[in-house]
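S.K.: What follows is query15.cif, made up of mmCIF, C-alpha atoms and all ligand atoms:
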data_structure
#
loop_
_atom_site.label_atom_id
_atom_site.label_comp_id
_atom_site.auth_asym_id
_atom_site.auth_seq_id
_atom_site.Cartn_x
_atom_site.Cartn_y
_atom_site.Cartn_z
CA MET A 138 138.56 -1.84 166.68
CA PRO A 139 140.11 1.67 166.70
CA ALA A 140 143.70 0.39 166.49
CA PRO A 141 143.24 -1.28 163.08
CA LYS A 142 141.03 1.60 161.84
CA GLY A 143 143.00 4.50 163.26
CA VAL A 144 146.51 3.38 162.58
CA VAL A 145 147.66 0.08 161.06
CA TRP A 146 145.06 -0.52 158.31
CA GLY A 147 142.85 2.56 158.24
CA PRO A 148 145.35 4.94 156.61
CA ILE A 149 145.99 2.60 153.64
CA LYS A 150 144.15 4.94 151.38
CA ASP A 151 143.30 2.99 148.25
CA MET A 152 141.56 0.14 150.08
CA VAL A 153 138.03 0.21 151.44
CA HIS A 154 137.91 -0.61 155.15
CA VAL A 155 134.59 -2.03 156.25
CA SER A 156 133.50 -1.91 159.87
CA HIS A 157 131.66 -5.24 160.00
CA GLY A 158 129.01 -5.00 162.70
CA PRO A 159 126.34 -2.62 164.00
CA VAL A 160 126.60 0.91 162.65
CA GLY A 161 127.55 2.45 166.01
CA CYS A 162 130.64 0.27 166.50
CA GLY A 163 132.75 1.95 163.84
CA GLN A 164 131.45 5.37 164.77
CA TYR A 165 133.99 5.86 167.54
CA SER A 166 136.84 5.50 165.08
CA ARG A 167 135.09 7.51 162.36
CA ALA A 168 137.61 9.91 160.88
CA GLY A 169 139.18 10.04 164.33
CA ARG A 170 142.81 10.09 163.26
CA ARG A 171 144.30 12.96 161.34
CA ASN A 172 146.14 10.71 158.90
CA TYR A 173 146.24 12.93 155.86
CA TYR A 174 146.40 11.58 152.33
CA VAL A 175 146.60 12.71 148.74
CA GLY A 176 143.96 11.42 146.34
CA THR A 177 140.39 11.84 145.22
CA THR A 178 138.16 10.64 148.01
CA GLY A 179 135.45 8.27 146.79
CA VAL A 180 137.27 7.59 143.53
CA ASP A 181 140.74 6.21 144.23
CA THR A 182 141.10 6.96 147.94
CA PHE A 183 138.74 6.25 150.80
CA GLY A 184 140.43 7.32 154.02
CA THR A 185 137.76 9.63 155.41
CA MET A 186 134.80 7.57 154.17
CA ASN A 187 133.05 5.18 156.49
CA PHE A 188 131.79 1.80 155.45
CA THR A 189 129.71 -0.39 157.73
CA SER A 190 127.74 -3.58 157.25
CA ASP A 191 125.06 -2.05 159.52
CA PHE A 192 124.27 -5.27 161.41
CA GLN A 193 120.65 -5.76 162.44
CA GLU A 194 119.01 -8.24 164.81
CA LYS A 195 118.31 -10.68 161.99
CA ASP A 196 122.01 -10.68 161.07
CA ILE A 197 122.90 -11.59 164.64
CA VAL A 198 120.38 -14.45 164.54
CA PHE A 199 121.04 -15.75 161.03
CA GLY A 200 124.64 -14.62 160.52
CA GLY A 201 126.05 -11.81 158.41
CA ASP A 202 128.20 -13.64 155.86
CA LYS A 203 125.77 -13.23 152.98
CA LYS A 204 125.37 -9.55 153.71
CA LEU A 205 129.14 -9.12 153.80
CA ASP A 206 129.46 -10.91 150.46
CA LYS A 207 126.88 -8.56 148.94
CA ILE A 208 128.56 -5.45 150.39
CA ILE A 209 131.89 -6.36 148.83
CA THR A 210 130.19 -6.80 145.45
CA GLU A 211 128.57 -3.38 145.88
CA ILE A 212 131.95 -1.84 146.75
CA GLU A 213 133.38 -3.29 143.57
CA GLN A 214 130.51 -1.85 141.52
CA LEU A 215 130.43 1.59 143.16
CA PHE A 216 134.17 2.12 143.63
CA PRO A 217 135.86 0.15 140.86
CA LEU A 218 139.23 1.87 141.45
CA HIS A 219 139.60 0.51 144.97
CA LYS A 220 142.59 -1.81 145.36
CA GLY A 221 141.15 -4.11 147.98
CA VAL A 222 138.94 -4.41 151.03
CA THR A 223 139.53 -5.07 154.69
CA ILE A 224 136.83 -6.54 156.89
CA ARG A 225 137.27 -5.35 160.45
CA SER A 226 135.00 -7.37 162.68
CA GLU A 227 133.22 -5.71 165.59
CA CYS A 228 132.30 -7.60 168.78
CA PRO A 229 129.05 -9.30 167.61
CA ILE A 230 130.88 -10.97 164.72
CA GLY A 231 133.27 -12.71 167.07
CA LEU A 232 130.43 -13.67 169.41
CA ILE A 233 128.25 -15.29 166.74
CA GLY A 234 131.24 -16.85 164.94
CA ASP A 235 130.73 -15.62 161.38
CA ASP A 236 133.28 -17.04 158.94
CA ILE A 237 134.69 -13.80 157.54
CA GLU A 238 137.80 -15.64 156.31
CA ALA A 239 135.68 -17.78 153.98
CA VAL A 240 133.96 -14.67 152.57
CA ALA A 241 137.36 -12.97 152.17
CA LYS A 242 138.80 -15.91 150.23
CA LYS A 243 135.77 -16.16 147.96
CA LYS A 244 135.73 -12.45 147.16
CA THR A 245 139.51 -12.25 146.64
CA LYS A 246 139.11 -14.91 143.96
CA GLU A 247 136.04 -13.33 142.45
CA PHE A 248 137.49 -9.83 141.96
CA GLY A 249 141.22 -10.55 141.93
CA LYS A 250 141.87 -7.94 144.64
CA PRO A 251 142.89 -8.67 148.22
CA VAL A 252 140.00 -8.93 150.64
CA VAL A 253 141.48 -9.17 154.11
CA PRO A 254 139.67 -10.41 157.21
CA VAL A 255 140.83 -8.68 160.40
CA ARG A 256 139.43 -10.28 163.55
CA CYS A 257 139.84 -7.22 165.74
CA GLU A 258 136.74 -7.34 167.92
CA GLY A 259 136.96 -4.77 170.68
CA PHE A 260 136.68 -7.37 173.44
CA ARG A 261 139.99 -8.95 172.48
CA GLY A 262 142.99 -8.30 174.70
CA VAL A 263 143.43 -6.05 177.70
CA SER A 264 143.96 -2.96 175.54
CA GLN A 265 144.02 -1.75 171.97
CA SER A 266 147.54 -3.09 171.69
CA LEU A 267 146.28 -6.52 170.65
CA GLY A 268 144.47 -4.78 167.79
CA HIS A 269 147.86 -3.67 166.45
CA HIS A 270 149.13 -7.23 166.66
CA ILE A 271 146.08 -8.70 164.93
CA ALA A 272 146.26 -6.04 162.20
CA ASN A 273 149.98 -6.75 161.69
CA ASP A 274 149.31 -10.47 161.43
CA ALA A 275 146.60 -9.85 158.83
CA ILE A 276 149.06 -7.86 156.70
CA ARG A 277 151.61 -10.66 157.09
CA ASP A 278 149.15 -13.40 156.14
CA TRP A 279 147.15 -11.69 153.38
CA VAL A 280 149.36 -9.03 151.74
CA ILE A 281 153.08 -9.05 152.46
CA GLY A 282 154.00 -12.02 150.28
CA ASN A 283 151.91 -10.91 147.28
CA ARG A 284 154.99 -10.00 145.23
CA ASP A 285 157.32 -12.75 146.36
CA GLY A 286 159.22 -14.03 143.34
CA ASP A 287 158.24 -11.01 141.22
CA ASP A 288 161.38 -9.03 140.28
CA SER A 289 159.72 -6.50 137.98
CA PHE A 290 160.19 -3.66 140.49
CA LYS A 291 163.58 -1.98 139.96
CA THR A 292 165.29 -1.60 143.32
CA THR A 293 168.25 0.57 144.37
CA PRO A 294 170.68 0.19 147.29
CA TYR A 295 169.00 3.21 148.96
CA ASP A 296 165.45 1.90 149.18
CA VAL A 297 163.87 2.23 152.61
CA ALA A 298 160.41 2.06 154.15
CA ILE A 299 159.07 4.29 156.90
CA ILE A 300 157.18 1.99 159.23
CA GLY A 301 154.75 3.18 161.91
CA ASP A 302 154.32 6.78 160.81
CA TYR A 303 150.63 7.51 160.43
CA ASN A 304 150.97 10.95 158.88
CA ILE A 305 149.19 12.63 161.75
CA GLY A 306 148.88 16.25 160.68
CA GLY A 307 151.24 15.43 157.79
CA ASP A 308 154.07 13.92 159.90
CA ALA A 309 155.05 11.26 157.38
CA TRP A 310 155.44 13.84 154.65
CA ALA A 311 157.83 15.75 156.89
CA SER A 312 159.73 12.53 157.68
CA ARG A 313 159.98 11.79 154.00
CA ILE A 314 161.46 15.20 153.16
CA LEU A 315 164.30 14.53 155.59
CA LEU A 316 165.00 10.97 154.44
CA GLU A 317 164.90 11.87 150.77
CA ALA A 318 167.15 14.87 151.36
CA MET A 319 169.62 12.37 152.83
CA GLY A 320 169.52 10.55 149.51
CA LEU A 321 167.38 7.63 150.58
CA ARG A 322 164.54 6.47 148.38
CA VAL A 323 161.36 6.00 150.42
CA ILE A 324 159.36 3.39 148.56
CA ALA A 325 156.79 2.68 151.24
CA GLN A 326 155.09 4.59 154.02
CA TRP A 327 153.30 2.52 156.65
CA SER A 328 150.69 3.44 156.69
CA GLY A 329 150.04 7.19 156.68
CA ASP A 330 149.23 8.24 153.12
CA GLY A 331 150.18 4.65 152.22
CA SER A 332 148.83 2.42 149.50
CA LEU A 333 148.39 -1.30 149.05
CA SER A 334 151.21 -1.50 146.52
CA GLU A 335 153.64 0.18 148.96
CA ILE A 336 152.86 -2.48 151.52
CA GLU A 337 153.33 -5.20 148.90
CA LEU A 338 156.69 -3.72 147.84
CA THR A 339 158.11 -3.44 151.34
CA PRO A 340 159.87 -6.84 151.24
CA LYS A 341 162.11 -5.30 148.51
CA VAL A 342 163.58 -2.50 150.68
CA LYS A 343 167.09 -2.53 152.18
CA LEU A 344 166.14 -1.07 155.56
CA ASN A 345 163.00 -0.48 157.57
CA LEU A 346 162.96 2.72 159.58
CA VAL A 347 160.55 2.04 162.39
CA HIS A 348 158.97 5.02 164.08
CA CYS A 349 156.11 3.55 166.13
CA TYR A 350 157.61 0.32 167.37
CA ARG A 351 154.61 -0.49 169.56
CA SER A 352 152.13 -0.73 166.69
CA MET A 353 154.43 -2.18 164.01
CA ASN A 354 157.07 -4.24 165.81
CA TYR A 355 155.40 -7.51 164.80
CA LEU A 356 155.57 -6.82 161.07
CA SER A 357 159.02 -5.22 161.24
CA ARG A 358 160.38 -8.29 162.98
CA HIS A 359 158.66 -10.56 160.46
CA LEU A 360 160.28 -8.61 157.61
CA GLU A 361 163.63 -9.05 159.34
CA GLU A 362 163.20 -12.76 159.97
CA LYS A 363 161.64 -13.76 156.65
CA TYR A 364 163.25 -11.30 154.22
CA GLY A 365 166.44 -10.39 156.11
CA ILE A 366 165.60 -6.66 156.14
CA PRO A 367 167.26 -4.95 159.11
CA LEU A 368 165.14 -2.59 161.14
CA ASP A 369 166.18 0.57 162.88
CA ARG A 370 164.08 2.34 165.41
CA VAL A 371 164.12 6.01 164.55
CA GLN A 372 163.08 9.06 166.47
CA LEU A 373 161.60 11.53 164.03
CA LEU A 374 160.39 14.10 166.49
CA ARG A 375 163.10 16.37 167.82
CA SER A 376 165.57 18.95 166.68
CA HIS A 377 168.84 17.08 167.25
CA GLN A 378 169.47 15.50 163.91
CA ASP A 379 172.48 13.46 165.04
CA ARG A 380 170.47 11.69 167.74
CA ARG A 381 167.54 10.97 165.46
CA VAL A 382 169.53 9.31 162.70
CA PRO A 383 171.63 6.57 164.29
CA ALA A 384 175.19 6.08 163.09
CA HIS A 385 174.39 2.79 161.39
CA ASP A 386 171.71 4.52 159.27
CA ARG A 387 174.20 7.06 158.12
CA ARG A 388 176.16 4.34 156.36
CA LEU A 389 173.26 4.31 153.91
CA LEU A 390 173.57 7.99 153.09
CA ARG A 391 174.31 8.57 149.44
CA ARG A 392 177.65 10.22 149.04
CA ASP A 393 176.78 11.28 145.48
CA HIS A 394 173.55 13.00 146.44
CA PRO A 395 173.55 16.79 145.98
CA GLY A 396 172.40 17.26 149.55
CA GLN A 397 175.26 15.16 150.81
CA ARG A 398 178.41 17.25 150.46
CA ARG A 399 180.55 15.86 153.27
CA ALA A 400 181.22 12.17 153.55
CA GLY A 401 180.12 10.60 156.82
CA HIS A 402 178.91 13.95 158.08
CA ARG A 403 176.83 14.66 161.13
CA GLN A 404 175.29 17.77 159.64
CA VAL A 405 171.81 18.58 158.50
CA PRO A 406 171.63 17.84 154.76
CA THR A 407 171.63 21.06 152.76
CA PRO A 408 168.14 20.92 151.27
CA VAL A 409 166.66 20.31 154.68
CA ARG A 410 168.58 23.10 156.26
CA GLY A 411 167.27 25.34 153.47
CA SER A 412 163.70 24.65 154.59
CA HIS A 413 164.45 25.01 158.27
CA ARG A 414 161.94 27.36 159.82
CA GLU A 415 162.91 29.68 162.57
CA ILE A 416 162.30 28.01 165.92
CA PRO A 417 160.62 30.34 168.41
CA ALA A 418 162.39 31.12 171.66
CA PRO A 419 161.83 28.29 174.17
CA PRO A 420 158.98 28.87 176.59
CA GLY A 421 161.36 28.80 179.56
CA ARG A 422 162.19 25.91 181.88
CA LYS A 423 158.79 24.40 182.38
CA ARG A 424 157.62 21.08 183.74
CA VAL A 425 155.52 18.78 181.57
CA MET A 426 153.31 15.77 182.30
CA LEU A 427 152.38 13.38 179.51
CA TYR A 428 149.92 10.57 179.07
CA VAL A 429 149.45 9.08 175.59
CA GLY A 430 149.11 5.67 173.90
CA GLY A 431 152.05 3.38 173.28
CA LEU A 432 154.96 5.38 171.90
CA ARG A 433 154.74 9.11 172.35
CA PRO A 434 155.14 9.20 176.14
CA ARG A 435 158.82 8.43 175.54
CA HIS A 436 159.34 9.65 171.99
CA ILE A 437 158.39 13.23 172.72
CA VAL A 438 160.49 13.51 175.88
CA GLY A 439 163.54 14.58 173.85
CA ALA A 440 161.54 17.15 171.92
CA TYR A 441 160.55 18.83 175.18
CA GLU A 442 164.15 18.65 176.36
CA ASP A 443 165.22 20.40 173.17
CA LEU A 444 162.91 23.21 174.21
CA GLY A 445 164.58 23.38 177.61
CA MET A 446 161.62 21.70 179.30
CA GLU A 447 161.56 18.80 181.71
CA VAL A 448 159.17 15.86 181.62
CA VAL A 449 158.25 15.26 185.26
CA GLY A 450 155.60 12.61 184.71
CA THR A 451 154.81 10.28 181.82
CA GLY A 452 152.89 7.12 181.11
CA TYR A 453 151.11 4.99 178.58
CA GLU A 454 147.62 3.75 177.95
CA PHE A 455 148.70 0.40 176.52
CA ALA A 456 152.48 -0.04 176.60
CA HIS A 457 154.26 -3.33 177.23
CA ASN A 458 157.20 -4.03 179.55
CA ASP A 459 159.78 -3.40 176.83
CA ASP A 460 158.31 0.06 176.27
CA TYR A 461 158.84 0.90 179.92
CA ASP A 462 162.40 -0.46 179.77
CA ARG A 463 163.10 1.99 176.95
CA THR A 464 161.23 4.82 178.66
CA ILE A 465 163.22 4.68 181.88
CA LYS A 466 166.41 5.43 179.93
CA GLU A 467 164.86 8.62 178.57
CA LEU A 468 163.87 10.02 181.94
CA GLY A 469 165.44 11.72 184.92
CA ASP A 470 165.62 9.89 188.26
CA ALA A 471 162.62 11.40 189.97
CA THR A 472 160.13 11.24 187.10
CA LEU A 473 156.74 9.84 187.95
CA LEU A 474 155.88 6.92 185.67
CA TYR A 475 152.31 5.64 185.43
CA ASP A 476 150.50 2.96 183.47
CA ASP A 477 146.88 2.84 182.30
CA LEU A 478 145.73 5.70 184.53
CA THR A 479 142.17 6.34 185.56
CA ALA A 480 140.88 9.87 185.06
CA TYR A 481 140.84 10.31 188.83
CA GLU A 482 144.43 9.15 189.29
CA PHE A 483 145.61 11.51 186.59
CA GLU A 484 143.85 14.43 188.26
CA VAL A 485 145.38 13.59 191.63
CA PHE A 486 148.87 13.28 190.14
CA ALA A 487 148.47 16.59 188.34
CA ASP A 488 147.26 18.20 191.53
CA LYS A 489 150.35 16.98 193.43
CA ILE A 490 152.93 17.63 190.72
CA ARG A 491 151.48 20.89 189.46
CA PRO A 492 153.03 20.84 186.00
CA ASP A 493 153.21 23.85 183.70
CA LEU A 494 151.86 21.83 180.78
CA ILE A 495 149.97 18.57 180.29
CA GLY A 496 150.08 16.67 177.00
CA SER A 497 147.38 14.02 176.61
CA GLY A 498 144.10 13.41 174.73
CA ILE A 499 140.71 14.97 174.09
CA LYS A 500 139.11 13.26 177.12
CA GLU A 501 141.62 14.90 179.42
CA LYS A 502 141.90 18.29 177.78
CA TYR A 503 138.98 20.21 179.24
CA ILE A 504 139.35 18.80 182.75
CA PHE A 505 142.89 20.13 183.04
CA GLN A 506 142.13 23.38 181.30
CA LYS A 507 139.37 23.97 183.84
CA MET A 508 141.96 23.32 186.53
CA GLY A 509 143.95 26.18 185.00
CA ILE A 510 146.71 24.01 183.55
CA PRO A 511 147.89 24.66 179.97
CA PHE A 512 147.14 21.61 177.85
CA ARG A 513 148.02 20.20 174.43
CA GLN A 514 146.46 17.19 172.76
CA MET A 515 149.36 14.89 171.93
CA HIS A 516 147.42 12.32 169.88
CA SER A 517 146.05 14.73 167.28
CA TRP A 518 148.68 17.47 167.83
CA ASP A 519 145.61 19.52 168.76
CA TYR A 520 144.68 19.85 165.06
CA SER A 521 148.10 21.33 164.29
CA GLY A 522 151.23 19.66 162.90
CA PRO A 523 153.21 18.20 161.40
CA TYR A 524 155.55 17.83 164.37
CA HIS A 525 158.11 15.54 162.72
CA ASP A 526 161.46 16.72 161.47
CA TYR A 527 162.80 20.20 160.94
CA ASP A 528 159.73 22.07 159.80
CA GLY A 529 157.68 20.04 162.24
CA PHE A 530 159.88 20.81 165.21
CA ALA A 531 159.40 24.54 164.64
CA ILE A 532 155.63 24.03 164.67
CA PHE A 533 155.87 21.93 167.84
CA ALA A 534 157.95 24.65 169.52
CA ARG A 535 155.55 27.37 168.45
CA ASP A 536 152.52 25.43 169.69
CA MET A 537 154.00 24.72 173.12
CA ASP A 538 155.09 28.32 173.50
CA MET A 539 151.70 29.62 172.41
CA THR A 540 149.90 27.32 174.86
CA ILE A 541 152.06 27.88 177.93
CA ASN A 542 152.42 31.61 177.46
CA ASN A 543 148.81 32.24 176.49
CA PRO A 544 147.55 35.19 178.55
CA CYS A 545 144.31 33.34 179.31
CA TRP A 546 146.04 31.36 182.09
CA GLN A 547 146.48 34.51 184.10
CA GLU A 548 142.72 34.68 184.27
CA LEU A 549 142.43 31.15 185.67
CA GLN A 550 143.92 29.87 188.85
CA ALA A 551 144.97 26.30 189.46
CA PRO A 552 142.79 24.75 192.21
CA TRP A 553 145.60 24.57 194.75
CA LEU A 554 146.12 28.31 194.46
CA ARG A 555 142.48 29.28 194.56
CA THR A 556 140.52 30.67 197.48
CA ASP A 557 137.11 29.09 197.01
CA THR A 558 134.00 31.03 197.76
CA ALA A 559 131.38 28.66 199.19
CA ALA A 560 127.62 29.09 198.68
CA ASP A 561 127.27 30.86 202.03
CA GLY A 562 129.89 33.42 201.01
CA THR A 563 132.66 32.11 203.32
CA LYS A 564 136.09 31.75 201.82
CA ALA A 565 138.21 28.69 202.40
CA ALA A 566 141.74 28.12 201.11
CA ARG A 567 142.17 24.66 199.66
CA ALA A 568 144.79 22.49 201.30
FE1 LIG B 1 151.99 4.36 167.83
FE2 LIG B 1 150.51 6.23 167.03
FE3 LIG B 1 151.23 5.91 169.59
FE4 LIG B 1 149.56 4.13 168.46
FE5 LIG B 1 147.38 5.58 169.12
FE6 LIG B 1 148.35 7.66 167.71
FE7 LIG B 1 149.11 7.27 170.27
MO1 LIG B 1 146.66 8.02 169.70
S1 LIG B 1 150.27 4.15 166.51
S2 LIG B 1 151.22 3.81 169.80
S3 LIG B 1 147.45 3.47 168.71
S4 LIG B 1 152.40 6.52 167.94
S5 LIG B 1 146.38 6.83 167.74
S6 LIG B 1 149.53 7.78 165.90
S7 LIG B 1 148.65 9.08 169.25
S8 LIG B 1 147.37 6.34 171.12
S9 LIG B 1 151.06 7.14 171.34
#
How does the structure come out when it is put into structure tokens?
Ligand code: CFM

M.R.:
Amino acid sequence: MPAPKGVVWGPIKDMVHVSHGPVGCGQYSRAGRRNYYVGTTGVDTFGTMNFTSDFQEKDIVFGGDKKLDKIITEIEQLFPLHKGVTIRSECPIGLIGDDIEAVAKKKTKEFGKPVVPVRCEGFRGVSQSLGHHIANDAIRDWVIGNRDGDDSFKTTPYDVAIIGDYNIGGDAWASRILLEAMGLRVIAQWSGDGSLSEIELTPKVKLNLVHCYRSMNYLSRHLEEKYGIPLDRVQLLRSHQDRRVPAHDRRLLRRDHPGQRRAGHRQVPTPVRGSHREIPAPPGRKRVMLYVGGLRPRHIVGAYEDLGMEVVGTGYEFAHNDDYDRTIKELGDATLLYDDLTAYEFEVFADKIRPDLIGSGIKEKYIFQKMGIPFRQMHSWDYSGPYHDYDGFAIFARDMDMTINNPCWQELQAPWLRTDTAADGTKAARA
């Protein structure tokens, strides 16, 4: 369930997302992602609140549909400004075969707001990647066509959507500053700090700028096939502006925009340059190992290269073949590439490669720090960020510098350098 809660659906801030199942199931994804939003929590936004149907034994035996029906009525009474509800089913729901679609249809009719069933039980698929797909399909089937045939929204030739930016640490806001400085009008953010109406308006845009392709490729391709909206994969995390904004996107740049002085330019737009923070000196040529979900193990390679660093090992928790095809192009010839590592395998690789920095998640952090290896969390940006775009890149650079060059590492030795003192006082150098 974390994929639909953490990324695709969870950040849509004005809907209430119900974890439908026992109370513990949704706990793992509780406020786990740092997808920031603007709004009044509990009134018109609900991102950091947790809703569960708190399944009990009797619900397993007799079914939970009635309880779900009642919960949605209560949500309507307690939070009348919510724009809709998603029902994210946990494993027991799939096992007992509750008809959440029937409840969703009934309640959509009753309150006139979308109630969306998302059959994302944790047992589905080999990884959380199927959760992305299921969540995308639910948006396609229950939301995306809501404004078909309605022309009341005034469009412009510069309307774009940012797809697959979850506003981790404020990333999507940073992305938006850049795109708007280019003269584009961002009318939808998927889904960091996003709203239901932005999702409904997306079929009206001229171009979809897709950041996380892994989690949103299904919907982006649907928007292309059904509505003829081209999609461009963009790289929002690095300092080289001309590589991040592909040439074919630049054709959309507004020539009449104040930030856009030179036609067809390859320069940083003026307002963005104005906000450009000073980037700290690079930490030196250092070797990095990465292990993250489905996009970042390749997307952040260039950002490290911009700092003069080399990625010597990278891999994904849940990537598909096409992700690896794209990754190989980003890497040097001798880079170690791994898929769905065990904790033990990762430790052994780190021991052999001896990187100067590891970027991975909270589960890995303390193991590697205890081994004496500088570490950054690259899911949550280690509670820092944003890392996207110009301001973000300066923060990224500062954080990597601060981690690698922290004096604490001089007090710790990596295991392969240590002379262990055994219980009997004898010293043995590790091989
Ligand atoms: Fe996309 Fe993400 Fe990622 Fe992802 Fe994730 Fe994430 Fe990730 Mo953690 S949507 S695939 S399911 S970029 S939560 S914001 S950092 S594993 S590499």

S.K.: Skip range 229-237 of chain A itself and residues of its chain fewer than 6 positions away, then list as JSON, numbers by chain all residues within 7 Å of it, counting only C-alpha atoms.

M.R.: {"A": [158, 197, 200, 201, 202, 254, 258]}

S.K.: Produce a file of the selected residues containing C-alpha atoms, as an mmCIF file, keeping the file's coordinate frame.

M.R.:
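And here's part_1.cif as it stands now:
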data_model
loop_
_atom_site.group_PDB
_atom_site.id
_atom_site.type_symbol
_atom_site.label_atom_id
_atom_site.label_comp_id
_atom_site.auth_asym_id
_atom_site.auth_seq_id
_atom_site.Cartn_x
_atom_site.Cartn_y
_atom_site.Cartn_z
ATOM 1 C CA GLY A 158 129.010 -5.000 162.700
ATOM 2 C CA ILE A 197 122.900 -11.590 164.640
ATOM 3 C CA GLY A 200 124.640 -14.620 160.520
ATOM 4 C CA GLY A 201 126.050 -11.810 158.410
ATOM 5 C CA ASP A 202 128.200 -13.640 155.860
ATOM 6 C CA PRO A 254 139.670 -10.410 157.210
ATOM 7 C CA GLU A 258 136.740 -7.340 167.920
#

S.K.: Mind listing the residues within 8 Å of ligand LIG 1 (chain B), all atoms listed in the file counted, as a ChimeraX atom specification?

M.R.: /A:139-140,143-145,170,265-266,269,301-305,348-353,429-434,453-456,498,515-517

S.K.: Considering all atoms listed in the file, state which residue in the set A:Lys220, A:Lys207, A:Lys142, A:Arg358 is at the smallest distance from Val180 in chain A.

M.R.: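 Ranked by minimum distance to Val180 in chain A, first place goes to A:Lys220.
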
S.K.: Could you tell me, as a PyMOL selection string, which residues have any atom at most 12 Å from (140.8, 14.3, 187.7), counting all atoms listed in the file?

M.R.: chain A and resi 478-489+500-508+552

S.K.: Can you pull out the residues contacting Arg375 in chain A? Cut-off 9 Å, using all atoms listed in the file, and skip same-chain residues under 4 positions away; I want them as a VMD selection string.

M.R.: chain A and resid 380 to 381 436 to 443 524 to 527 529 to 530

S.K.: What's the separation between CA of Ile209 in chain A and CA of Tyr174 in chain A, in Å to one decimal place?

M.R.: 23.3 Å

S.K.: When you look at Pro419 in chain A with a cut-off of 8 Å (counting only C-alpha atoms), what residues show up, excluding the ones that are within fewer than 6 positions of it in the same chain? I need them as a PyMOL selection string.

M.R.: chain A and resi 444-445+534+538

S.K.: Skip Thr178 in chain A itself and residues of its chain fewer than 6 positions away, then list as an mmCIF file with C-alpha atoms, in the frame of the given file all residues within 10 Å of it, counting only C-alpha atoms.

M.R.:
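The result, written out as result-v5.cif:
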data_model
loop_
_atom_site.group_PDB
_atom_site.id
_atom_site.type_symbol
_atom_site.label_atom_id
_atom_site.label_comp_id
_atom_site.auth_asym_id
_atom_site.auth_seq_id
_atom_site.Cartn_x
_atom_site.Cartn_y
_atom_site.Cartn_z
ATOM 1 C CA LYS A 150 144.150 4.940 151.380
ATOM 2 C CA ASP A 151 143.300 2.990 148.250
ATOM 3 C CA GLY A 184 140.430 7.320 154.020
ATOM 4 C CA THR A 185 137.760 9.630 155.410
ATOM 5 C CA MET A 186 134.800 7.570 154.170
#

S.K.: Show which residues sit within 6 Å of His157 in chain A, as a ChimeraX atom specification. Count all atoms listed in the file, and ignore same-chain residues fewer than 6 positions away.

M.R.: /A:189-190,225-227

S.K.: Where atoms are absent from range 234-245 of chain A, fill them in so it carries N, CA and C atoms, then output it as a PDB file, in the coordinates of the input.

M.R.:
ATOM      1  N   GLY A 234     130.366 -15.926 165.663  1.00  0.00           N
ATOM      2  CA  GLY A 234     131.240 -16.850 164.940  1.00  0.00           C
ATOM      3  C   GLY A 234     131.071 -16.846 163.432  1.00  0.00           C
ATOM      4  N   ASP A 235     130.799 -15.693 162.849  1.00  0.00           N
ATOM      5  CA  ASP A 235     130.730 -15.620 161.380  1.00  0.00           C
ATOM      6  C   ASP A 235     132.077 -15.999 160.774  1.00  0.00           C
ATOM      7  N   ASP A 236     132.036 -16.612 159.585  1.00  0.00           N
ATOM      8  CA  ASP A 236     133.280 -17.040 158.940  1.00  0.00           C
ATOM      9  C   ASP A 236     133.731 -15.982 157.931  1.00  0.00           C
ATOM     10  N   ILE A 237     134.291 -14.893 158.449  1.00  0.00           N
ATOM     11  CA  ILE A 237     134.690 -13.800 157.540  1.00  0.00           C
ATOM     12  C   ILE A 237     135.872 -14.215 156.666  1.00  0.00           C
ATOM     13  N   GLU A 238     136.657 -15.180 157.135  1.00  0.00           N
ATOM     14  CA  GLU A 238     137.800 -15.640 156.310  1.00  0.00           C
ATOM     15  C   GLU A 238     137.296 -16.307 155.032  1.00  0.00           C
ATOM     16  N   ALA A 239     136.214 -17.091 155.162  1.00  0.00           N
ATOM     17  CA  ALA A 239     135.680 -17.780 153.980  1.00  0.00           C
ATOM     18  C   ALA A 239     135.163 -16.753 152.972  1.00  0.00           C
ATOM     19  N   VAL A 240     134.471 -15.714 153.488  1.00  0.00           N
ATOM     20  CA  VAL A 240     133.960 -14.670 152.570  1.00  0.00           C
ATOM     21  C   VAL A 240     135.145 -13.967 151.915  1.00  0.00           C
ATOM     22  N   ALA A 241     136.182 -13.671 152.712  1.00  0.00           N
ATOM     23  CA  ALA A 241     137.360 -12.970 152.170  1.00  0.00           C
ATOM     24  C   ALA A 241     138.001 -13.774 151.049  1.00  0.00           C
ATOM     25  N   LYS A 242     138.170 -15.074 151.257  1.00  0.00           N
ATOM     26  CA  LYS A 242     138.800 -15.910 150.230  1.00  0.00           C
ATOM     27  C   LYS A 242     137.981 -15.933 148.950  1.00  0.00           C
ATOM     28  N   LYS A 243     136.667 -16.086 149.120  1.00  0.00           N
ATOM     29  CA  LYS A 243     135.770 -16.160 147.960  1.00  0.00           C
ATOM     30  C   LYS A 243     135.831 -14.853 147.164  1.00  0.00           C
ATOM     31  N   LYS A 244     135.782 -13.728 147.866  1.00  0.00           N
ATOM     32  CA  LYS A 244     135.730 -12.450 147.160  1.00  0.00           C
ATOM     33  C   LYS A 244     137.094 -12.072 146.568  1.00  0.00           C
ATOM     34  N   THR A 245     138.171 -12.492 147.212  1.00  0.00           N
ATOM     35  CA  THR A 245     139.510 -12.250 146.640  1.00  0.00           C
ATOM     36  C   THR A 245     139.590 -12.922 145.272  1.00  0.00           C
TER      37      THR A 245
END
